[in-house]
file entry_10.txt (compact mmCIF, C-alpha atoms)
# COMPACT_ATOMS: atom_id res chain seq x y z
CA MET A 39 -75.54 64.10 -16.17
CA ILE A 40 -74.68 67.11 -18.30
CA ALA A 41 -73.21 64.88 -20.96
CA ALA A 42 -76.36 62.81 -21.06
CA ALA A 43 -78.54 65.91 -21.35
CA LEU A 44 -76.35 67.29 -24.10
CA TYR A 45 -76.53 63.98 -25.94
CA ARG A 46 -80.32 63.99 -25.65
CA SER A 47 -80.65 67.53 -26.93
CA THR A 48 -78.30 66.81 -29.83
CA ARG A 49 -80.36 63.82 -30.68
CA LEU A 50 -83.56 65.86 -30.55
CA THR A 51 -82.11 68.53 -32.81
CA ALA A 52 -80.92 65.90 -35.25
CA GLY A 53 -84.32 64.27 -35.17
CA ALA A 54 -86.08 67.56 -35.85
CA LEU A 55 -83.74 68.32 -38.74
CA LEU A 56 -84.33 64.92 -40.24
CA LEU A 57 -88.07 65.32 -39.91
CA MET A 58 -87.89 68.66 -41.69
CA ALA A 59 -85.82 67.09 -44.40
CA ALA A 60 -88.37 64.31 -44.64
CA LEU A 61 -91.26 66.66 -45.08
CA GLY A 62 -89.55 69.08 -47.39
CA GLY A 63 -87.04 67.07 -49.33
CA CYS A 64 -88.57 63.71 -50.17
CA ALA A 65 -89.25 64.56 -53.75
CA SER A 66 -85.65 65.51 -54.35
CA LEU A 67 -84.16 62.70 -52.22
CA VAL A 68 -86.06 59.92 -53.92
CA PRO A 69 -87.66 61.45 -57.01
CA GLN A 70 -88.32 58.21 -58.85
CA THR A 71 -90.05 56.57 -55.91
CA MET A 72 -92.26 59.63 -55.63
CA ALA A 73 -93.05 59.36 -59.33
CA LEU A 74 -93.85 55.65 -58.96
CA ARG A 75 -96.27 56.50 -56.20
CA GLU A 76 -98.10 58.79 -58.61
CA ALA A 77 -97.97 56.50 -61.61
CA TRP A 78 -97.11 52.81 -61.50
CA PRO A 79 -95.82 51.69 -64.93
CA ALA A 80 -98.53 50.15 -67.10
CA GLY A 81 -98.44 46.41 -67.58
CA VAL A 82 -96.10 45.75 -64.65
CA PRO A 83 -97.60 43.44 -62.01
CA ALA A 84 -97.85 44.68 -58.42
CA ARG A 85 -95.84 41.79 -57.06
CA VAL A 86 -93.01 39.71 -58.50
CA GLU A 87 -90.43 37.53 -56.83
CA PHE A 88 -88.14 34.83 -58.07
CA ALA A 89 -87.50 32.58 -55.13
CA ASP A 90 -85.45 30.18 -57.26
CA VAL A 91 -82.71 32.71 -58.07
CA PRO A 92 -79.63 31.22 -56.40
CA PHE A 93 -77.79 32.86 -53.54
CA PHE A 94 -74.06 33.03 -52.91
CA PRO A 95 -73.15 34.62 -49.58
CA GLN A 96 -70.47 37.23 -50.08
CA GLN A 97 -66.96 36.55 -48.84
CA ASP A 98 -64.67 39.38 -47.78
CA TYR A 99 -65.13 42.22 -50.24
CA GLN A 100 -66.36 40.06 -53.02
CA CYS A 101 -69.93 41.18 -53.57
CA GLY A 102 -69.12 41.67 -57.27
CA PRO A 103 -68.31 38.00 -57.95
CA ALA A 104 -71.24 36.91 -55.73
CA ALA A 105 -73.76 39.14 -57.52
CA LEU A 106 -72.44 38.14 -60.92
CA ALA A 107 -72.54 34.43 -60.11
CA THR A 108 -76.18 34.85 -59.04
CA ALA A 109 -77.09 36.37 -62.41
CA LEU A 110 -74.96 33.94 -64.46
CA VAL A 111 -76.39 30.85 -62.81
CA HIS A 112 -79.88 32.20 -63.34
CA ALA A 113 -79.00 32.67 -67.02
CA GLY A 114 -77.95 29.03 -67.24
CA VAL A 115 -74.17 29.01 -66.69
CA LYS A 116 -72.74 26.66 -64.08
CA ILE A 117 -70.37 28.80 -62.05
CA THR A 118 -69.40 29.84 -58.53
CA PRO A 119 -68.26 33.23 -57.22
CA ASP A 120 -64.77 31.82 -56.65
CA GLU A 121 -64.32 31.28 -60.37
CA LEU A 122 -65.36 34.86 -61.05
CA VAL A 123 -62.98 36.42 -58.54
CA GLU A 124 -60.21 36.07 -61.08
CA GLN A 125 -62.30 37.98 -63.62
CA VAL A 126 -63.91 40.85 -61.76
CA TYR A 127 -62.20 41.33 -58.42
CA LEU A 128 -59.39 43.87 -58.03
CA PRO A 129 -57.34 43.05 -54.93
CA ALA A 130 -55.88 46.52 -54.44
CA ARG A 131 -59.29 48.17 -54.76
CA GLN A 132 -61.05 45.54 -52.64
CA GLY A 133 -63.90 45.57 -55.08
CA SER A 134 -65.12 45.21 -58.65
CA LEU A 135 -65.42 47.87 -61.35
CA GLN A 136 -68.68 48.40 -63.25
CA VAL A 137 -67.00 47.88 -66.60
CA GLU A 138 -65.66 44.52 -65.49
CA MET A 139 -69.06 43.43 -64.25
CA LEU A 140 -70.36 44.14 -67.75
CA ALA A 141 -67.39 42.51 -69.49
CA ALA A 142 -67.18 39.19 -67.60
CA PRO A 143 -70.51 37.60 -68.67
CA ARG A 144 -69.45 37.92 -72.33
CA ARG A 145 -66.78 35.33 -71.71
CA TYR A 146 -69.61 32.89 -70.99
CA SER A 147 -71.41 33.89 -74.20
CA LEU A 148 -74.04 35.91 -72.37
CA VAL A 149 -75.11 39.43 -73.27
CA SER A 150 -74.63 42.10 -70.57
CA TYR A 151 -76.99 45.00 -70.86
CA GLN A 152 -76.77 48.17 -68.81
CA LEU A 153 -80.24 49.47 -68.05
CA ALA A 154 -81.39 53.03 -68.54
CA PRO A 155 -81.22 54.78 -65.13
CA ARG A 156 -84.91 54.37 -64.37
CA PHE A 157 -86.80 52.59 -61.60
CA ASP A 158 -89.46 51.71 -64.21
CA ASP A 159 -86.90 49.78 -66.23
CA LEU A 160 -85.71 47.82 -63.21
CA LEU A 161 -89.31 46.82 -62.49
CA ARG A 162 -89.97 45.89 -66.12
CA GLU A 163 -86.91 43.63 -66.21
CA LEU A 164 -88.04 41.91 -63.02
CA ALA A 165 -91.54 41.51 -64.42
CA ALA A 166 -89.98 39.80 -67.46
CA GLY A 167 -88.07 37.38 -65.22
CA ASN A 168 -84.65 39.01 -65.29
CA PRO A 169 -82.89 39.59 -61.95
CA VAL A 170 -81.14 42.97 -61.93
CA ILE A 171 -77.67 43.73 -60.54
CA VAL A 172 -77.55 47.19 -58.97
CA LEU A 173 -74.67 49.28 -57.64
CA GLN A 174 -75.50 50.97 -54.36
CA ASP A 175 -73.67 53.35 -52.09
CA ILE A 176 -74.50 51.97 -48.66
CA GLY A 177 -72.37 54.51 -46.80
CA GLN A 178 -75.46 56.58 -45.88
CA GLY A 179 -73.83 59.85 -46.80
CA PHE A 180 -71.07 59.71 -44.16
CA THR A 181 -68.66 57.59 -46.16
CA VAL A 182 -68.84 56.02 -49.58
CA LYS A 183 -69.26 52.26 -49.64
CA TRP A 184 -69.99 50.76 -53.03
CA HIS A 185 -71.91 47.53 -53.04
CA TYR A 186 -73.41 45.22 -55.67
CA ALA A 187 -76.66 43.42 -54.96
CA VAL A 188 -79.14 41.50 -57.07
CA VAL A 189 -82.78 42.57 -57.06
CA VAL A 190 -84.97 39.48 -57.40
CA GLY A 191 -88.43 40.86 -56.71
CA TYR A 192 -90.67 43.56 -55.29
CA ASP A 193 -94.05 44.06 -53.70
CA TYR A 194 -95.79 47.33 -54.44
CA ALA A 195 -98.33 46.98 -51.63
CA ALA A 196 -95.62 46.35 -49.04
CA GLY A 197 -93.44 49.07 -50.58
CA GLU A 198 -90.44 46.73 -50.65
CA LEU A 199 -87.93 45.19 -53.02
CA TYR A 200 -86.19 41.87 -52.39
CA LEU A 201 -82.44 41.57 -52.81
CA ARG A 202 -79.75 38.91 -52.71
CA SER A 203 -77.24 41.03 -50.86
CA GLY A 204 -74.03 40.37 -48.99
CA GLU A 205 -74.71 37.58 -46.52
CA THR A 206 -78.48 37.95 -46.63
CA ARG A 207 -80.45 35.62 -48.87
CA ARG A 208 -83.61 37.71 -48.90
CA LEU A 209 -83.12 41.30 -47.87
CA ALA A 210 -86.33 43.34 -47.90
CA VAL A 211 -85.56 46.95 -48.70
CA PRO A 212 -88.10 49.80 -48.96
CA PHE A 213 -88.35 51.45 -52.39
CA THR A 214 -87.16 54.69 -50.80
CA VAL A 215 -84.04 53.15 -49.31
CA LEU A 216 -83.13 51.34 -52.49
CA GLU A 217 -83.49 54.52 -54.49
CA TYR A 218 -81.50 56.58 -51.99
CA THR A 219 -78.58 54.14 -52.04
CA TRP A 220 -78.86 53.44 -55.77
CA LYS A 221 -79.13 57.07 -56.87
CA LYS A 222 -75.46 57.67 -55.97
CA SER A 223 -74.32 55.34 -58.73
CA ASN A 224 -76.55 57.26 -61.15
CA TYR A 225 -78.98 54.33 -60.97
CA TRP A 226 -76.44 51.89 -62.39
CA ALA A 227 -78.06 48.54 -63.14
CA MET A 228 -77.43 45.63 -65.47
CA VAL A 229 -79.02 42.38 -66.59
CA VAL A 230 -77.34 39.29 -68.00
CA MET A 231 -79.23 37.68 -70.88
CA PRO A 232 -78.92 34.32 -72.61
CA PRO A 233 -77.98 35.10 -76.24
CA GLY A 234 -81.32 34.05 -77.73
CA ARG A 235 -83.35 36.44 -75.55
CA ILE A 236 -83.59 40.22 -75.65
CA SER A 237 -84.00 42.04 -72.35
CA ALA A 238 -87.39 43.60 -71.63
CA THR A 239 -86.21 47.22 -71.70
CA ALA A 240 -83.68 46.84 -74.51
CA ALA A 241 -83.25 49.87 -76.76
CA GLU A 242 -82.31 49.14 -80.37
CA SER A 243 -79.38 51.55 -80.32
CA ALA A 244 -77.90 50.19 -77.08
CA TYR A 245 -78.59 46.48 -77.37
CA LEU A 246 -76.75 45.99 -80.65
CA PRO A 247 -73.43 47.24 -79.21
CA ALA A 248 -74.07 44.92 -76.25
CA ILE A 249 -74.21 41.95 -78.63
CA ALA A 250 -71.22 43.19 -80.64
CA ALA A 251 -69.30 43.39 -77.36
CA MET A 252 -70.14 39.75 -76.67
CA GLU A 253 -68.97 38.85 -80.18
CA ARG A 254 -65.42 39.84 -79.16
CA VAL A 255 -65.00 36.94 -76.74
CA GLY A 256 -68.19 34.87 -76.94
CA ASN A 257 -68.84 31.65 -78.77
CA ALA A 258 -69.74 32.06 -82.48
CA ARG A 259 -72.98 30.04 -82.29
CA ALA A 260 -74.17 32.03 -79.28
CA THR A 261 -73.33 35.31 -81.00
CA LEU A 262 -75.18 34.09 -84.06
CA SER A 263 -78.33 33.37 -82.07
CA ALA A 264 -78.06 36.77 -80.36
CA TYR A 265 -77.99 38.60 -83.69
CA ALA A 266 -80.82 36.41 -85.00
CA ALA A 267 -82.96 37.28 -81.95
CA PHE A 268 -82.14 40.95 -82.44
CA LEU A 269 -83.23 40.81 -86.09
CA ASP A 270 -86.48 39.11 -85.13
CA ARG A 271 -87.20 42.12 -82.97
CA TRP A 272 -85.77 44.83 -85.24
CA PRO A 273 -85.74 43.37 -88.77
CA ASP A 274 -84.65 46.65 -90.38
CA ASN A 275 -81.34 46.90 -88.56
CA ALA A 276 -78.44 46.80 -91.03
CA GLY A 277 -75.78 46.46 -88.29
CA ALA A 278 -77.39 43.30 -86.92
CA SER A 279 -77.67 41.82 -90.42
CA ILE A 280 -73.96 42.39 -90.88
CA GLY A 281 -73.27 40.87 -87.48
CA LEU A 282 -75.35 37.79 -88.23
CA ALA A 283 -73.82 37.34 -91.68
CA ASN A 284 -70.30 37.73 -90.29
CA GLN A 285 -70.96 34.91 -87.84
CA TYR A 286 -72.21 32.64 -90.63
CA HIS A 287 -69.20 33.62 -92.72
CA ALA A 288 -66.78 32.90 -89.87
CA LEU A 289 -68.40 29.48 -89.41
CA GLY A 290 -68.03 28.79 -93.13
CA GLU A 291 -71.79 28.82 -93.74
CA LEU A 292 -71.54 31.06 -96.76
CA LYS A 293 -75.00 30.38 -98.20
CA ASP A 294 -76.61 31.59 -94.98
CA ALA A 295 -74.35 34.64 -94.87
CA GLU A 296 -75.35 35.44 -98.43
CA ALA A 297 -79.08 35.05 -97.72
CA VAL A 298 -78.92 37.41 -94.73
CA LEU A 299 -76.96 40.01 -96.69
CA ARG A 300 -79.25 39.81 -99.73
CA ARG A 301 -82.22 40.57 -97.52
CA ALA A 302 -80.28 43.45 -95.95
CA ALA A 303 -79.25 44.78 -99.38
CA GLU A 304 -82.91 44.90 -100.41
CA ARG A 305 -83.77 46.96 -97.34
CA HIS A 306 -80.62 49.10 -97.44
CA PRO A 307 -79.61 49.36 -101.10
CA GLY A 308 -77.07 52.10 -100.34
CA SER A 309 -75.25 50.46 -97.42
CA VAL A 310 -71.59 50.17 -98.38
CA ALA A 311 -70.84 47.65 -95.61
CA VAL A 312 -73.74 45.38 -96.61
CA LEU A 313 -72.75 45.49 -100.31
CA ASN A 314 -69.08 44.90 -99.56
CA ASN A 315 -69.79 41.92 -97.33
CA LEU A 316 -72.30 40.46 -99.79
CA ALA A 317 -69.69 40.72 -102.55
CA GLN A 318 -67.16 39.01 -100.29
CA ALA A 319 -69.57 36.20 -99.38
CA LEU A 320 -70.36 35.62 -103.08
CA SER A 321 -66.71 35.70 -104.09
CA ASP A 322 -65.86 33.19 -101.38
CA GLN A 323 -68.36 30.85 -103.02
CA GLY A 324 -66.56 31.28 -106.33
CA ARG A 325 -69.28 33.50 -107.78
CA ASN A 326 -66.94 36.33 -108.66
CA ALA A 327 -68.83 37.79 -111.62
CA GLU A 328 -71.87 38.27 -109.43
CA ALA A 329 -69.70 39.60 -106.63
CA LEU A 330 -68.27 42.21 -108.95
CA THR A 331 -71.69 43.76 -109.61
CA PHE A 332 -72.22 44.32 -105.90
CA ILE A 333 -68.75 45.65 -105.17
CA GLU A 334 -69.17 48.15 -108.03
CA ARG A 335 -72.30 49.41 -106.31
CA ALA A 336 -70.32 49.80 -103.06
CA ALA A 337 -67.69 52.07 -104.60
CA GLN A 338 -68.27 55.34 -102.75
CA PRO A 339 -65.00 57.20 -102.22
CA ASP A 340 -66.21 59.19 -99.18
CA SER A 341 -67.47 56.17 -97.25
CA PRO A 342 -65.51 55.23 -94.09
CA PHE A 343 -65.21 51.75 -95.61
CA ALA A 344 -63.73 52.91 -98.93
CA ALA A 345 -60.41 51.20 -98.19
CA ALA A 346 -62.09 47.88 -97.37
CA VAL A 347 -64.17 48.11 -100.55
CA ARG A 348 -61.01 48.69 -102.65
CA GLU A 349 -59.45 45.61 -101.08
CA THR A 350 -62.49 43.45 -101.73
CA ARG A 351 -62.64 44.68 -105.32
CA ALA A 352 -58.97 43.90 -105.85
CA LEU A 353 -59.48 40.42 -104.43
CA ILE A 354 -62.46 39.74 -106.67
CA LEU A 355 -60.62 40.95 -109.78
CA GLN A 356 -57.63 38.81 -108.86
CA ARG A 357 -59.84 35.75 -108.47
CA LEU A 358 -61.59 36.52 -111.77
CA ALA A 359 -58.23 36.75 -113.52
CA LYS A 360 -57.26 33.34 -112.16
CA GLU A 361 -60.49 31.80 -113.42
CA ARG A 362 -59.66 32.79 -117.00
CA MET B 281 -40.04 54.03 -64.94
CA LYS B 282 -38.22 52.10 -67.56
CA SER B 283 -39.98 48.89 -66.59
CA THR B 284 -43.42 50.55 -66.79
CA LEU B 285 -42.65 51.79 -70.26
CA SER B 286 -41.30 48.50 -71.46
CA ARG B 287 -44.26 46.73 -69.93
CA MET B 288 -46.62 49.03 -71.81
CA ILE B 289 -44.81 48.41 -75.04
CA CYS B 290 -44.96 44.69 -74.38
CA HIS B 291 -48.70 44.81 -73.80
CA PHE B 292 -49.19 46.87 -76.88
CA LEU B 293 -47.38 44.28 -78.92
CA VAL B 294 -49.14 41.34 -77.31
CA ILE B 295 -52.53 42.85 -78.02
CA ALA B 296 -51.54 43.89 -81.52
CA MET B 297 -50.38 40.34 -82.23
CA ALA B 298 -53.56 38.90 -80.80
CA MET B 299 -55.67 41.09 -83.06
CA LEU B 300 -53.68 40.23 -86.15
CA PRO B 301 -54.95 36.76 -87.04
CA PHE B 302 -58.49 37.86 -86.23
CA GLN B 303 -58.40 40.72 -88.68
CA SER B 304 -56.82 38.91 -91.56
CA GLY B 305 -58.93 35.79 -90.91
CA GLN B 306 -62.06 37.77 -91.70
CA ALA B 307 -60.72 38.54 -95.21
CA SER B 308 -62.51 41.63 -96.38
CA MET B 309 -65.74 41.26 -94.46
CA ILE B 310 -66.35 44.55 -92.66
CA GLY B 311 -66.71 43.79 -88.96
CA THR B 312 -69.79 44.51 -86.87
CA ASP B 313 -67.77 46.64 -84.48
CA GLN B 314 -66.60 48.82 -87.35
CA VAL B 315 -70.13 49.26 -88.69
CA ILE B 316 -71.48 50.23 -85.28
CA SER B 317 -68.66 52.61 -84.47
CA SER B 318 -68.39 54.12 -87.96
CA ALA B 319 -70.96 56.70 -86.95
CA SER B 320 -68.31 58.18 -84.68
CA ALA B 321 -65.98 58.19 -87.73
CA GLN B 322 -62.18 58.27 -87.80
CA ALA B 323 -62.14 54.52 -87.43
CA ASP B 324 -58.40 54.24 -87.99
CA ARG B 325 -57.50 56.77 -85.36
CA ASN B 326 -59.87 55.11 -82.93
CA THR B 327 -58.17 51.79 -83.55
CA VAL B 328 -54.78 53.21 -82.68
CA SER B 329 -56.02 55.01 -79.59
CA SER B 330 -57.87 51.92 -78.44
CA PHE B 331 -54.69 49.86 -78.76
CA LEU B 332 -52.94 52.37 -76.54
CA SER B 333 -55.73 52.56 -73.99
CA ARG B 334 -55.90 48.79 -73.90
CA SER B 335 -52.25 48.34 -73.10
CA GLU B 336 -52.40 51.16 -70.59
CA THR B 337 -55.41 49.57 -68.88
CA VAL B 338 -53.71 46.17 -68.77
CA SER B 339 -50.73 47.78 -66.99
CA GLN B 340 -53.03 49.53 -64.54
CA LEU B 341 -54.89 46.36 -63.68
CA GLN B 342 -51.57 44.64 -63.14
CA SER B 343 -50.45 47.37 -60.79
CA LEU B 344 -53.64 46.70 -58.78
CA GLY B 345 -52.69 43.10 -58.13
CA LEU B 346 -53.55 41.05 -61.21
CA ASP B 347 -51.20 38.79 -63.13
CA ALA B 348 -50.45 39.66 -66.75
CA GLN B 349 -52.63 36.94 -68.26
CA SER B 350 -55.81 37.70 -66.37
CA ALA B 351 -55.34 41.45 -66.85
CA ALA B 352 -55.09 40.91 -70.61
CA ASP B 353 -58.08 38.52 -70.62
CA ARG B 354 -60.20 41.03 -68.76
CA VAL B 355 -59.37 43.87 -71.10
CA ALA B 356 -60.04 41.63 -74.11
CA ALA B 357 -63.67 41.28 -73.00
CA MET B 358 -64.19 45.06 -72.94
CA THR B 359 -65.38 47.25 -75.79
CA ASP B 360 -63.27 50.18 -76.99
CA ASP B 361 -65.63 52.59 -75.26
CA GLU B 362 -65.35 50.70 -71.99
CA VAL B 363 -61.58 50.66 -72.20
CA ARG B 364 -61.62 54.40 -72.79
CA THR B 365 -63.75 54.96 -69.69
CA LEU B 366 -61.24 52.93 -67.66
CA ALA B 367 -57.98 54.19 -69.11
CA GLY B 368 -56.17 56.23 -66.50
CA LYS B 369 -59.05 56.01 -64.02
CA VAL B 370 -58.93 52.48 -62.68
CA SER B 371 -57.95 53.76 -59.24
CA ALA B 372 -60.68 56.38 -59.07
CA LEU B 373 -63.81 54.68 -60.40
CA PRO B 374 -66.30 53.07 -57.99
CA ALA B 375 -65.35 49.52 -57.00
CA GLY B 376 -68.23 47.70 -55.35
CA GLY B 377 -67.03 45.46 -52.57
CA ASP B 378 -68.56 46.33 -49.25
CA GLY B 379 -70.83 44.20 -47.13
CA GLY B 380 -74.47 43.95 -47.91
CA LEU B 381 -76.51 45.41 -45.05
CA VAL B 382 -77.56 48.98 -44.68
CA LEU B 383 -77.23 48.79 -40.90
CA LEU B 384 -78.11 52.31 -40.00
CA ILE B 385 -81.09 53.25 -42.02
CA LEU B 386 -81.81 56.91 -41.70
CA VAL B 387 -84.80 57.88 -39.61
CA VAL B 388 -86.10 59.97 -42.44
CA PHE B 389 -86.65 56.89 -44.52
CA PHE B 390 -88.60 55.13 -41.88
CA ILE B 391 -90.87 58.11 -41.55
CA TRP B 392 -91.22 58.39 -45.24
CA TYR B 393 -91.49 54.69 -45.79
CA PHE B 394 -94.54 54.46 -43.59
CA ALA B 395 -95.98 57.46 -45.36
CA PHE B 396 -95.42 55.60 -48.64
CA ARG B 397 -97.19 52.48 -47.38
CA ARG B 398 -100.27 54.52 -46.38
call {"tool": "encode", "arguments": {"input": "entry_10.txt", "output": "structure tokens"}}
result
Amino acid sequence: MIAAALYRSTRLTAGALLLMAALGGCASLVPQTMALREAWPAGVPARVEFADVPFFPQQDYQCGPAALATALVHAGVKITPDELVEQVYLPARQGSLQVEMLAAPRRYSLVSYQLAPRFDDLLRELAAGNPVIVLQDIGQGFTVKWHYAVVVGYDYAAGELYLRSGETRRLAVPFTVLEYTWKKSNYWAMVVMPPGRISATAAESAYLPAIAAMERVGNARATLSAYAAFLDRWPDNAGASIGLANQYHALGELKDAEAVLRRAAERHPGSVAVLNNLAQALSDQGRNAEALTFIERAAQPDSPFAAAVRETRALILQRLAKER
Amino acid sequence: MKSTLSRMICHFLVIAMAMLPFQSGQASMIGTDQVISSASAQADRNTVSSFLSRSETVSQLQSLGLDAQSAADRVAAMTDDEVRTLAGKVSALPAGGDGGLVLLILVVFFIWYFAFRR
């Protein structure tokens, strides 16, 4: 009897405390949801859902491979979570690290892009047709339980988002709950993009490193199309021009490499890297006299690439000497 | 202790060897990675430190249950910055793995949720 009464009163106290927290602390508990309630981002539809995004029920602790397989298949790669276990699952940690979730898609020539920590950006990606992998802490504050899920839609009027999560194909989660669980990971979210497409919320300064990261292990043609897509969007970017030209050069398509670098050299006449690579591409076509004029322009002793420029110059002079 | 050290040295060499043909194959084209990271300067020092962090991270992944090949493959797909965020912290960083349902949703959210729906 006494125990039951005590239990009831504890429950009442807890309830009252929670209610107080609810009334007083909402704005700080779920600040972005509150902001969304005030101002829904312009141009984002009120309802989006991709029913055709595949679902792989999670096995054991393998929500990482399951979430990743969902995004990869949607991006056009034929794969199952089992094949990804080897790449992102850490047995001793019973889970997957964020860095590995970002790294694995590159091996399939896809670009991984980590979103800015904003609810708006998640919604914009969904509106553009890109499912978003999020890292949540579903331990509700008592313990920490990290979990990956894939957001595949939302409905503003219903106040819900739709997730492929764990063993649930379509988990409806209130905006508030998603934010509360997602906030703990500092709103960590990523999309996986086919190389020829740029994600909806891509920032110029962050998307280029994402492509360069794919270049490390991705297929050369795919990397090439990623840089080409980037240049379509940001034609003034010298780094992307160099990336694109390097892919052409690696594939032996020297004329194309030259054309890209010439355009870049017009826009960035002082770029040492552009001039050096243009000289190299010309020299590799046997046009060493022409190459020499560009490498002379690249000779800037305080540039971080001064050593590379000296090497290129030496190579060109050596080739010129052989020609005579 | 000795085996950890020798393993690290081994990884260092394996990765160094793997990078070798790549770098000389590009002749004197300056790589995209270098151009992007040149803003943070000291490219040479970064290269050395990234070699070290890479081999260290490979060892750490191995100690968490991976075989040598897949540990090396995984690290190969990471950028230098990513490797630096991992190096020495593989055991401490969040590892998502738990089941998918928030079973006990706090009362506060239900209250607030209905407030949100209006």
call {"tool": "residues_around", "arguments": {"input": "entry_10.txt", "residues": "range 191-193 of chain A", "least_positions_apart": "6", "cutoff": "6 Å", "atoms": "only C-alpha atoms", "output": "PyMOL selection string"}}
result
chain A and resi 85-87+199-200
call {"tool": "atom_distance", "arguments": {"input": "entry_10.txt", "atom1": "CA of Arg335 in chain A", "atom2": "CA of Asp270 in chain A"}}
result
27.5 Å
call {"tool": "residues_around", "arguments": {"input": "entry_10.txt", "residues": "range 339-353 of chain B", "least_positions_apart": "3", "cutoff": "8 Å", "atoms": "all atoms listed in the file", "output": "ChimeraX atom specification"}}
result
/A:124-125,128-131 /B:284,287-288,291,335-336,356-357,368,370
call {"tool": "atom_distance", "arguments": {"input": "entry_10.txt", "atom1": "CA of Val115 in chain A", "atom2": "CA of Tyr225 in chain A"}}
result
26.4 Å
call {"tool": "atom_distance", "arguments": {"input": "entry_10.txt", "atom1": "CA of Val123 in chain A", "atom2": "CA of Gly376 in chain B"}}
result
12.8 Å
